[in-house]
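Raw contents of protein-v5.pdb, PDB, C-alpha atoms:
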ATOM      1  CA  MET Z1497       0.000   0.000   0.000
ATOM      2  CA  SER Z1498       2.833   2.371   0.823
ATOM      3  CA  MET Z1499       5.054   3.929  -1.787
ATOM      4  CA  LYS Z1500       8.640   2.921  -2.561
ATOM      5  CA  THR Z1501      11.245   4.560  -4.752
ATOM      6  CA  SER Z1502      14.643   3.577  -6.077
ATOM      7  CA  ASN Z1503      17.001   5.709  -8.130
ATOM      8  CA  ARG Z1504      19.317   4.871 -11.013
ATOM      9  CA  GLN Z1505      21.454   6.973 -13.326
ATOM     10  CA  VAL Z1506      21.245   6.719 -17.120
ATOM     11  CA  ASP Z1507      23.262   9.150 -19.239
ATOM     12  CA  GLY Z1508      23.128  11.924 -16.676
ATOM     13  CA  VAL Z1509      19.428  11.474 -15.989
ATOM     14  CA  THR Z1510      18.171  10.222 -12.630
ATOM     15  CA  ILE Z1511      15.389   7.731 -13.153
ATOM     16  CA  VAL Z1512      13.218   7.339 -10.073
ATOM     17  CA  ASP Z1513      11.318   4.060 -10.167
ATOM     18  CA  CYS Z1514       8.193   4.556  -8.069
ATOM     19  CA  SER Z1515       5.792   1.868  -6.910
ATOM     20  CA  GLY Z1516       2.673   1.835  -4.756
ATOM     21  CA  ARG Z1517       0.384   4.740  -3.982
ATOM     22  CA  ILE Z1518       1.122   8.453  -3.984
ATOM     23  CA  THR Z1519      -1.459   9.686  -1.500
ATOM     24  CA  LEU Z1520      -1.840  12.049   1.430
ATOM     25  CA  GLY Z1521       0.703  11.094   4.063
ATOM     26  CA  GLU Z1522       3.575   8.727   3.513
ATOM     27  CA  GLY Z1523       3.428   8.445  -0.279
ATOM     28  CA  SER Z1524       3.479  12.189  -0.872
ATOM     29  CA  VAL Z1525       6.201  12.699   1.726
ATOM     30  CA  ILE Z1526       8.442  10.047   0.156
ATOM     31  CA  LEU Z1527       8.104  11.646  -3.274
ATOM     32  CA  ARG Z1528       8.810  15.107  -1.833
ATOM     33  CA  ASP Z1529      11.891  13.906   0.070
ATOM     34  CA  THR Z1530      13.200  11.985  -2.932
ATOM     35  CA  VAL Z1531      13.025  14.979  -5.250
ATOM     36  CA  ARG Z1532      14.469  17.270  -2.577
ATOM     37  CA  ASP Z1533      17.413  14.917  -2.006
ATOM     38  CA  LEU Z1534      18.142  14.669  -5.714
ATOM     39  CA  LEU Z1535      18.124  18.422  -6.157
ATOM     40  CA  GLY Z1536      20.321  18.795  -3.092
ATOM     41  CA  LYS Z1537      22.900  16.534  -4.719
ATOM     42  CA  GLY Z1538      22.770  18.489  -7.951
ATOM     43  CA  ASN Z1539      20.712  15.964  -9.894
ATOM     44  CA  LYS Z1540      18.369  18.213 -11.841
ATOM     45  CA  LYS Z1541      17.330  15.881 -14.660
ATOM     46  CA  ILE Z1542      14.683  13.689 -13.123
ATOM     47  CA  LEU Z1543      12.536  11.069 -14.822
ATOM     48  CA  LEU Z1544       9.762   9.756 -12.590
ATOM     49  CA  ASN Z1545       8.892   6.228 -13.659
ATOM     50  CA  LEU Z1546       5.294   5.777 -12.503
ATOM     51  CA  GLY Z1547       4.792   2.404 -14.188
ATOM     52  CA  ASP Z1548       4.095   0.682 -10.883
ATOM     53  CA  VAL Z1549       2.047   3.500  -9.366
ATOM     54  CA  ASN Z1550      -1.547   2.404  -9.586
ATOM     55  CA  TYR Z1551      -3.137   5.069  -7.439
ATOM     56  CA  ILE Z1552      -2.727   8.800  -6.884
ATOM     57  CA  ASP Z1553      -5.135  10.999  -4.931
ATOM     58  CA  SER Z1554      -5.464  14.788  -5.105
ATOM     59  CA  SER Z1555      -2.631  15.182  -2.594
ATOM     60  CA  GLY Z1556      -0.423  12.992  -4.763
ATOM     61  CA  ILE Z1557      -1.325  15.033  -7.824
ATOM     62  CA  GLY Z1558      -0.404  18.143  -5.865
ATOM     63  CA  GLU Z1559       2.907  16.574  -4.943
ATOM     64  CA  LEU Z1560       3.665  15.806  -8.597
ATOM     65  CA  VAL Z1561       2.903  19.429  -9.468
ATOM     66  CA  SER Z1562       5.098  20.605  -6.603
ATOM     67  CA  ALA Z1563       7.955  18.371  -7.763
ATOM     68  CA  TYR Z1564       7.592  19.657 -11.317
ATOM     69  CA  THR Z1565       7.667  23.338 -10.337
ATOM     70  CA  THR Z1566      10.424  22.877  -7.749
ATOM     71  CA  VAL Z1567      12.719  21.191 -10.254
ATOM     72  CA  LYS Z1568      11.886  23.712 -12.953
ATOM     73  CA  ASN Z1569      12.502  26.660 -10.616
ATOM     74  CA  GLN Z1570      15.982  25.299  -9.938
ATOM     75  CA  GLY Z1571      16.784  25.147 -13.624
ATOM     76  CA  GLY Z1572      16.143  21.427 -13.968
ATOM     77  CA  GLU Z1573      13.724  19.212 -15.843
ATOM     78  CA  LEU Z1574      11.223  16.667 -14.557
ATOM     79  CA  LYS Z1575       9.423  14.270 -16.855
ATOM     80  CA  LEU Z1576       6.981  11.437 -16.240
ATOM     81  CA  LEU Z1577       7.382   7.929 -17.641
ATOM     82  CA  ASN Z1578       5.039   4.956 -18.084
ATOM     83  CA  LEU Z1579       1.748   6.216 -16.681
ATOM     84  CA  THR Z1580      -0.792   3.587 -15.724
ATOM     85  CA  LYS Z1581      -4.271   4.068 -17.152
ATOM     86  CA  LYS Z1582      -5.624   5.337 -13.838
ATOM     87  CA  VAL Z1583      -2.890   7.924 -13.445
ATOM     88  CA  HIS Z1584      -3.128   8.871 -17.120
ATOM     89  CA  ASP Z1585      -6.881   9.408 -16.796
ATOM     90  CA  LEU Z1586      -6.422  11.495 -13.640
ATOM     91  CA  LEU Z1587      -3.920  13.772 -15.349
ATOM     92  CA  GLN Z1588      -6.275  14.068 -18.310
ATOM     93  CA  ILE Z1589      -9.324  15.170 -16.317
ATOM     94  CA  THR Z1590      -7.253  17.608 -14.265
ATOM     95  CA  LYS Z1591      -5.762  19.035 -17.473
ATOM     96  CA  LEU Z1592      -2.270  18.297 -16.208
ATOM     97  CA  TYR Z1593      -1.433  15.827 -18.950
ATOM     98  CA  THR Z1594      -0.313  18.655 -21.196
ATOM     99  CA  VAL Z1595       1.547  20.421 -18.391
ATOM    100  CA  PHE Z1596       3.795  17.465 -17.665
ATOM    101  CA  ASP Z1597       6.154  16.078 -20.268
ATOM    102  CA  VAL Z1598       4.868  12.497 -20.363
ATOM    103  CA  LYS Z1599       6.876   9.725 -22.017
ATOM    104  CA  ASP Z1600       6.212   6.043 -22.579
ATOM    105  CA  ASP Z1601       9.683   4.979 -23.742
ATOM    106  CA  GLU Z1602      12.595   5.144 -21.304
ATOM    107  CA  ALA Z1603      15.394   5.489 -23.847
ATOM    108  CA  GLY Z1604      13.520   8.186 -25.718
ATOM    109  CA  ALA Z1605      12.684   9.955 -22.491
ATOM    110  CA  VAL Z1606      16.351  10.040 -21.431
ATOM    111  CA  LYS Z1607      17.361  11.466 -24.814
ATOM    112  CA  ALA Z1608      14.673  14.132 -24.521
ATOM    113  CA  PHE Z1609      16.442  15.813 -21.615
ATOM    114  CA  GLY Z1610      18.521  18.852 -22.531
ATOM    115  CA  LYS Z1611      22.297  18.608 -22.521
TER     116      LYS Z1611
ATOM    117  CA  MET D 573     -36.730   0.827   8.193
ATOM    118  CA  THR D 574     -35.749  -1.144  11.245
ATOM    119  CA  ILE D 575     -32.739   0.287  12.978
ATOM    120  CA  ALA D 576     -30.510  -2.198  14.724
ATOM    121  CA  ARG D 577     -27.615  -1.397  16.980
ATOM    122  CA  GLY D 578     -24.443  -3.399  17.067
ATOM    123  CA  LYS D 579     -24.505  -6.860  15.585
ATOM    124  CA  GLY D 580     -28.059  -6.883  14.343
ATOM    125  CA  LYS D 581     -28.969 -10.114  12.584
ATOM    126  CA  LEU D 582     -31.311  -9.831   9.676
ATOM    127  CA  PRO D 583     -33.377 -12.448   7.895
ATOM    128  CA  ASP D 584     -31.846 -13.687   4.656
ATOM    129  CA  SER D 585     -34.821 -12.458   2.685
ATOM    130  CA  LEU D 586     -34.258  -8.803   3.465
ATOM    131  CA  PRO D 587     -32.882  -6.973   0.467
ATOM    132  CA  GLY D 588     -30.243  -5.218   2.509
ATOM    133  CA  ARG D 589     -28.614  -8.369   3.800
ATOM    134  CA  SER D 590     -25.719  -8.089   1.398
ATOM    135  CA  LEU D 591     -24.909  -4.590   2.539
ATOM    136  CA  LEU D 592     -25.166  -5.650   6.161
ATOM    137  CA  ALA D 593     -22.609  -8.330   5.475
ATOM    138  CA  SER D 594     -20.260  -5.874   3.873
ATOM    139  CA  GLY D 595     -20.890  -3.471   6.708
ATOM    140  CA  ALA D 596     -19.791  -6.087   9.179
ATOM    141  CA  ARG D 597     -16.602  -6.620   7.219
ATOM    142  CA  ALA D 598     -16.170  -2.892   6.957
ATOM    143  CA  ARG D 599     -16.350  -2.608  10.716
ATOM    144  CA  LYS D 600     -13.578  -5.183  11.004
ATOM    145  CA  GLY D 601     -11.620  -3.158   8.492
ATOM    146  CA  PHE D 602     -11.894  -0.049  10.618
ATOM    147  CA  ALA D 603     -10.872  -1.985  13.701
ATOM    148  CA  SER D 604      -7.905  -3.634  12.013
ATOM    149  CA  ALA D 605      -6.693  -0.259  10.836
ATOM    150  CA  GLY D 606      -6.401   0.821  14.450
ATOM    151  CA  VAL D 607      -9.097   3.452  14.163
ATOM    152  CA  HIS D 608     -11.028   4.220  17.297
ATOM    153  CA  SER D 609     -14.337   3.868  15.565
ATOM    154  CA  ARG D 610     -17.729   3.448  17.078
ATOM    155  CA  LEU D 611     -20.392   1.682  15.134
ATOM    156  CA  ALA D 612     -23.267   4.064  15.589
ATOM    157  CA  ILE D 613     -26.080   2.514  13.602
ATOM    158  CA  MET D 614     -26.332  -0.560  11.460
ATOM    159  CA  SER D 615     -29.493  -1.594   9.668
ATOM    160  CA  ALA D 616     -30.556  -3.515   6.625
ATOM    161  CA  HIS D 617     -29.584  -0.769   4.223
ATOM    162  CA  ARG D 618     -27.327   1.443   6.216
ATOM    163  CA  VAL D 619     -24.141   1.500   8.249
ATOM    164  CA  SER D 620     -22.740   4.545  10.024
ATOM    165  CA  TYR D 621     -19.469   5.296  11.746
ATOM    166  CA  THR D 622     -18.182   8.023  14.018
ATOM    167  CA  LEU D 623     -14.442   8.356  13.527
ATOM    168  CA  ASP D 624     -11.442  10.274  14.789
ATOM    169  CA  SER D 625      -9.885  13.054  12.747
ATOM    170  CA  THR D 626      -6.886  11.048  11.601
ATOM    171  CA  LEU D 627      -5.225   9.857   8.428
ATOM    172  CA  GLU D 628      -6.248   6.323   9.369
ATOM    173  CA  THR D 629      -9.867   7.425   9.086
ATOM    174  CA  VAL D 630      -9.224   8.535   5.501
ATOM    175  CA  ASN D 631      -7.685   5.202   4.539
ATOM    176  CA  SER D 632     -10.363   3.185   6.309
ATOM    177  CA  ALA D 633     -13.235   5.164   4.789
ATOM    178  CA  GLU D 634     -11.757   4.526   1.353
ATOM    179  CA  GLU D 635     -11.348   0.802   2.014
ATOM    180  CA  THR D 636     -14.876   0.503   3.373
ATOM    181  CA  ALA D 637     -16.304   2.354   0.375
ATOM    182  CA  SER D 638     -14.464  -0.015  -1.921
ATOM    183  CA  GLN D 639     -15.857  -3.051  -0.111
ATOM    184  CA  ILE D 640     -19.431  -1.777  -0.032
ATOM    185  CA  ALA D 641     -19.377  -0.627  -3.664
ATOM    186  CA  THR D 642     -18.071  -4.033  -4.704
ATOM    187  CA  GLU D 643     -20.827  -5.716  -2.696
ATOM    188  CA  ALA D 644     -23.346  -3.451  -4.400
ATOM    189  CA  GLY D 645     -22.291  -4.820  -7.775
ATOM    190  CA  PHE D 646     -20.390  -1.910  -9.267
ATOM    191  CA  ASP D 647     -17.604  -2.810 -11.699
ATOM    192  CA  ASP D 648     -13.942  -2.277 -10.860
ATOM    193  CA  GLU D 649     -13.693   1.154 -12.469
ATOM    194  CA  GLU D 650     -16.806   2.431 -10.705
ATOM    195  CA  VAL D 651     -15.594   0.975  -7.409
ATOM    196  CA  MET D 652     -12.323   2.858  -7.844
ATOM    197  CA  LYS D 653     -14.169   6.104  -8.562
ATOM    198  CA  ILE D 654     -16.492   5.718  -5.571
ATOM    199  CA  ALA D 655     -13.616   4.838  -3.239
ATOM    200  CA  MET D 656     -11.547   7.758  -4.470
ATOM    201  CA  ALA D 657     -14.437  10.194  -4.079
ATOM    202  CA  VAL D 658     -14.952   8.968  -0.519
ATOM    203  CA  ARG D 659     -11.233   9.310   0.158
ATOM    204  CA  GLU D 660     -11.223  12.899  -1.088
ATOM    205  CA  ALA D 661     -14.292  13.768   0.973
ATOM    206  CA  ALA D 662     -12.726  12.168   4.048
ATOM    207  CA  VAL D 663      -9.513  14.108   3.464
ATOM    208  CA  ASN D 664     -11.514  17.317   3.347
ATOM    209  CA  ALA D 665     -13.323  16.405   6.570
ATOM    210  CA  VAL D 666     -10.211  15.377   8.505
ATOM    211  CA  LEU D 667      -7.718  17.880   7.125
ATOM    212  CA  HIS D 668      -9.682  20.977   6.152
ATOM    213  CA  GLY D 669     -12.847  20.567   8.237
ATOM    214  CA  ASN D 670     -11.677  19.234  11.577
ATOM    215  CA  ALA D 671      -8.009  20.162  11.057
ATOM    216  CA  TYR D 672      -6.911  16.933  12.803
ATOM    217  CA  ASP D 673      -8.564  18.195  16.017
ATOM    218  CA  PRO D 674      -8.758  15.139  18.333
ATOM    219  CA  GLY D 675     -11.877  16.611  19.906
ATOM    220  CA  LYS D 676     -13.763  16.612  16.609
ATOM    221  CA  LYS D 677     -15.247  13.608  14.855
ATOM    222  CA  VAL D 678     -16.003  12.577  11.295
ATOM    223  CA  MET D 679     -19.308  10.847  10.635
ATOM    224  CA  VAL D 680     -19.419   8.485   7.663
ATOM    225  CA  ASP D 681     -22.696   6.938   6.557
ATOM    226  CA  PHE D 682     -23.193   4.378   3.792
ATOM    227  CA  GLU D 683     -26.735   3.752   2.578
ATOM    228  CA  ARG D 684     -27.879   1.429  -0.168
ATOM    229  CA  THR D 685     -31.295   1.965  -1.687
ATOM    230  CA  ALA D 686     -32.871   0.162  -4.606
ATOM    231  CA  HIS D 687     -31.437   2.691  -7.015
ATOM    232  CA  HIS D 688     -28.535   4.398  -5.314
ATOM    233  CA  LEU D 689     -25.480   4.043  -3.150
ATOM    234  CA  VAL D 690     -25.390   7.130  -0.950
ATOM    235  CA  ILE D 691     -22.366   8.040   1.149
ATOM    236  CA  THR D 692     -22.633  10.956   3.551
ATOM    237  CA  ILE D 693     -19.581  12.414   5.290
ATOM    238  CA  ARG D 694     -19.882  15.096   7.952
ATOM    239  CA  ASP D 695     -17.238  16.978   9.873
ATOM    240  CA  GLN D 696     -17.385  19.357  12.836
ATOM    241  CA  GLY D 697     -15.323  22.160  11.347
ATOM    242  CA  LYS D 698     -16.191  25.768  10.636
ATOM    243  CA  GLY D 699     -17.967  24.982   7.383
ATOM    244  CA  LEU D 700     -16.592  25.016   3.861
ATOM    245  CA  ASP D 701     -16.907  28.304   1.993
ATOM    246  CA  LEU D 702     -17.878  27.143  -1.481
ATOM    247  CA  ASN D 703     -17.101  30.587  -2.872
ATOM    248  CA  LYS D 704     -13.456  30.059  -1.952
ATOM    249  CA  VAL D 705     -13.114  26.762  -3.781
ATOM    250  CA  PRO D 706     -11.070  27.581  -6.878
ATOM    251  CA  ASP D 707     -11.601  26.089 -10.306
ATOM    252  CA  PRO D 708      -8.605  23.742 -10.607
ATOM    253  CA  LEU D 709      -8.926  23.723 -14.395
ATOM    254  CA  ALA D 710      -8.473  27.481 -14.726
ATOM    255  CA  PRO D 711      -5.094  28.215 -16.337
ATOM    256  CA  GLU D 712      -3.947  30.254 -13.352
ATOM    257  CA  ASN D 713      -4.702  27.330 -11.009
ATOM    258  CA  LEU D 714      -3.260  24.425 -13.002
ATOM    259  CA  LEU D 715       0.045  24.491 -11.160
ATOM    260  CA  LYS D 716      -1.445  24.881  -7.707
ATOM    261  CA  THR D 717      -0.583  22.030  -5.387
ATOM    262  CA  SER D 718      -4.040  21.736  -3.827
ATOM    263  CA  GLY D 719      -7.705  22.408  -4.558
ATOM    264  CA  ARG D 720      -8.580  19.390  -6.714
ATOM    265  CA  GLY D 721     -10.449  17.264  -4.186
ATOM    266  CA  ILE D 722     -13.980  18.532  -4.733
ATOM    267  CA  PHE D 723     -13.411  18.612  -8.481
ATOM    268  CA  LEU D 724     -12.450  14.931  -8.442
ATOM    269  CA  ILE D 725     -15.430  14.065  -6.236
ATOM    270  CA  ARG D 726     -17.788  15.739  -8.701
ATOM    271  CA  SER D 727     -16.062  14.009 -11.593
ATOM    272  CA  PHE D 728     -16.412  10.550 -10.093
ATOM    273  CA  MET D 729     -19.934  10.575  -8.618
ATOM    274  CA  ASP D 730     -23.322  10.888 -10.314
ATOM    275  CA  GLU D 731     -24.633  13.454  -7.848
ATOM    276  CA  VAL D 732     -22.904  15.530  -5.208
ATOM    277  CA  GLU D 733     -24.539  17.689  -2.548
ATOM    278  CA  ILE D 734     -22.456  19.913  -0.285
ATOM    279  CA  HIS D 735     -24.088  21.492   2.742
ATOM    280  CA  PRO D 736     -21.765  23.767   4.706
ATOM    281  CA  SER D 737     -22.829  25.218   8.053
ATOM    282  CA  GLN D 738     -21.158  26.930  10.985
ATOM    283  CA  THR D 739     -21.042  23.598  12.801
ATOM    284  CA  GLY D 740     -19.486  21.618  10.001
ATOM    285  CA  THR D 741     -19.812  20.510   6.408
ATOM    286  CA  GLU D 742     -21.903  17.628   5.131
ATOM    287  CA  ILE D 743     -21.171  16.175   1.721
ATOM    288  CA  LYS D 744     -23.459  13.603   0.150
ATOM    289  CA  LEU D 745     -22.080  11.412  -2.627
ATOM    290  CA  ILE D 746     -24.561   9.511  -4.772
ATOM    291  CA  LYS D 747     -23.873   6.770  -7.297
ATOM    292  CA  HIS D 748     -26.713   5.273  -9.258
ATOM    293  CA  VAL D 749     -27.023   1.515  -9.282
ATOM    294  CA  HIS D 750     -26.756  -0.125 -12.693
ATOM    295  CA  GLY D 751     -29.543   0.810 -15.045
ATOM    296  CA  THR D 752     -30.462   3.965 -13.172
ATOM    297  CA  ALA D 753     -27.388   6.010 -13.967
ATOM    298  CA  GLY D 754     -27.871   9.738 -14.267
ATOM    299  CA  ASP D 755     -25.045  10.115 -16.774
ATOM    300  CA  GLY D 756     -22.925  12.198 -14.472
ATOM    301  CA  LYS D 757     -25.480  14.880 -13.773
ATOM    302  CA  GLU D 758     -24.898  16.851 -10.618
ATOM    303  CA  ALA D 759     -27.920  17.487  -8.413
ATOM    304  CA  SER D 760     -26.700  20.461  -6.465
ATOM    305  CA  GLN D 761     -23.626  21.912  -4.876
TER     306      GLN D 761
END
Show the structure stored in the file as structure tokens.
Amino acid sequence: MSMKTSNRQVDGVTIVDCSGRITLGEGSVILRDTVRDLLGKGNKKILLNLGDVNYIDSSGIGELVSAYTTVKNQGGELKLLNLTKKVHDLLQITKLYTVFDVKDDEAGAVKAFGK
Amino acid sequence: MTIARGKGKLPDSLPGRSLLASGARARKGFASAGVHSRLAIMSAHRVSYTLDSTLETVNSAEETASQIATEAGFDDEEVMKIAMAVREAAVNAVLHGNAYDPGKKVMVDFERTAHHLVITIRDQGKGLDLNKVPDPLAPENLLKTSGRGIFLIRSFMDEVEIHPSQTGTEIKLIKHVHGTAGDGKEASQ
């Protein structure tokens, strides 16, 4: 039920593999801390792999928005990878699908980050 | 309707037996989640809880909604929508209404009629000011980190009624049972 993340580096991009639920409480906090830690270490190209995230509530959506703006404000880029149908539909109805840069191919997503 | 307290046993022939069964499981769910819940009323068609203003209440309300909606025969996608709407309403009650105040309670009521599943959630806060609820789809609000809960509730339920007062906010979530769907129309706000 809780959320887990693990990070890996591919061509200068930090891919954060997320699994579980991003909801009010632990899930949102873990995402917030993960992004904060990465930025603190100078990793400003972040690809959130949400392939194993099957549930996000409004707090989780807010946390994704916060992560996106925080990274952008520090001169970095944050993209989303492998949305499940539920998460895809949520971003569609909240009109956030076009705000986020959403990818469905990891290699292509990594290449899409600026040099 | 006959109102039973506690472990009321109903004849098999009563149409609400299925919901009673799910209500009993729901009560176990609340207990197993460590929530200090009190089963207020349980009847053939209805089960009500009085809950603390905690995050556990939010999770338990969502789980119970999922169980009851499944029992009521909704498909997986509808169950997910109902459970998420209940979660968002519970978040509003616990976080924005009662502000985690241990002295304030959240009342959650599930009622199954022949045509509807009705979930009512009440808090004891100062009352939601509907005029201050922003439109999360407005361009200037798209990047805000909050304010999407009520929008999602309205998106996922067939009818939504919100009744704010100085002693708290009551939100009623209605989903039509198969064949009686209202095609997403909203009754009132």
(request) Please identify every residue of chain Z that has at least one atom no more than 8 Å from any atom of chain D, counting all atoms listed in the file, and report them as a VMD selection string. (result) chain Z and resid 1521 1553 to 1555 1557 to 1559 1561 to 1562 1565 1590 to 1592
(request) Would you write out, as a PyMOL selection string, every residue that the PyMOL selection byres ((chain D and resi 682-699) around 7) captures in this file? (result) chain D and resi 617-620+661-662+665+669-670+676-681+700-701+736-749+752
(message) Given the PyMOL selection byres ((chain Z and resi 1606) around 8) and the file above, list the residues it selects as a PyMOL selection string.
(response) chain Z and resi 1506-1507+1509+1543+1602-1605+1607-1609
What does the file look like for those residues with C-alpha atoms, as a PDB file, keeping the file's coordinate frame?
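And here's selection.pdb as it stands now:
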ATOM      1  CA  VAL Z1506      21.245   6.719 -17.120  1.00  0.00           C
ATOM      2  CA  ASP Z1507      23.262   9.150 -19.239  1.00  0.00           C
ATOM      3  CA  VAL Z1509      19.428  11.474 -15.989  1.00  0.00           C
ATOM      4  CA  LEU Z1543      12.536  11.069 -14.822  1.00  0.00           C
ATOM      5  CA  GLU Z1602      12.595   5.144 -21.304  1.00  0.00           C
ATOM      6  CA  ALA Z1603      15.394   5.489 -23.847  1.00  0.00           C
ATOM      7  CA  GLY Z1604      13.520   8.186 -25.718  1.00  0.00           C
ATOM      8  CA  ALA Z1605      12.684   9.955 -22.491  1.00  0.00           C
ATOM      9  CA  LYS Z1607      17.361  11.466 -24.814  1.00  0.00           C
ATOM     10  CA  ALA Z1608      14.673  14.132 -24.521  1.00  0.00           C
ATOM     11  CA  PHE Z1609      16.442  15.813 -21.615  1.00  0.00           C
TER      12      PHE Z1609
END
(message) Applying the PyMOL selection byres ((chain Z and resi 1529-1541) around 12) to the file I just gave you, which residues come out? Please list them as a PyMOL selection string.
(response) chain Z and resi 1499-1514+1522-1528+1542-1544+1559-1576+1605-1611
(request) For Z:Leu1579, list every protein, DNA or RNA residue within 12 Å, evaluated using all atoms listed in the file, and leave out those in the same chain fewer than 2 positions away; present the list as a PyMOL selection string. (result) chain Z and resi 1513-1515+1543-1552+1575-1577+1581-1588+1593+1596-1602
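Atom pair atom CA of D:Tyr621 / atom CA of Z:Gly1516 has a distance of 27.8 Å (rounded to one decimal).
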(request) Would you work out the distance separating atom CA of Z:Arg1517 from atom CA of Z:Ser1498, expressed in Å to one decimal? (result) 5.9 Å
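Interatomic distance, atom CA of D:Tyr672 against atom CA of D:Asp624: 8.3 Å.
Distance check against D:Arg726 using only C-alpha atoms: of D:Ile654, D:Ala644, D:Asn664, D:Gly675, the minimum falls on D:Ile654.
Of the listed residues (D:Leu702, D:Ser632, D:Leu623, D:Phe646), D:Leu702 comes nearest to D:Ile734; the distances count only C-alpha atoms.
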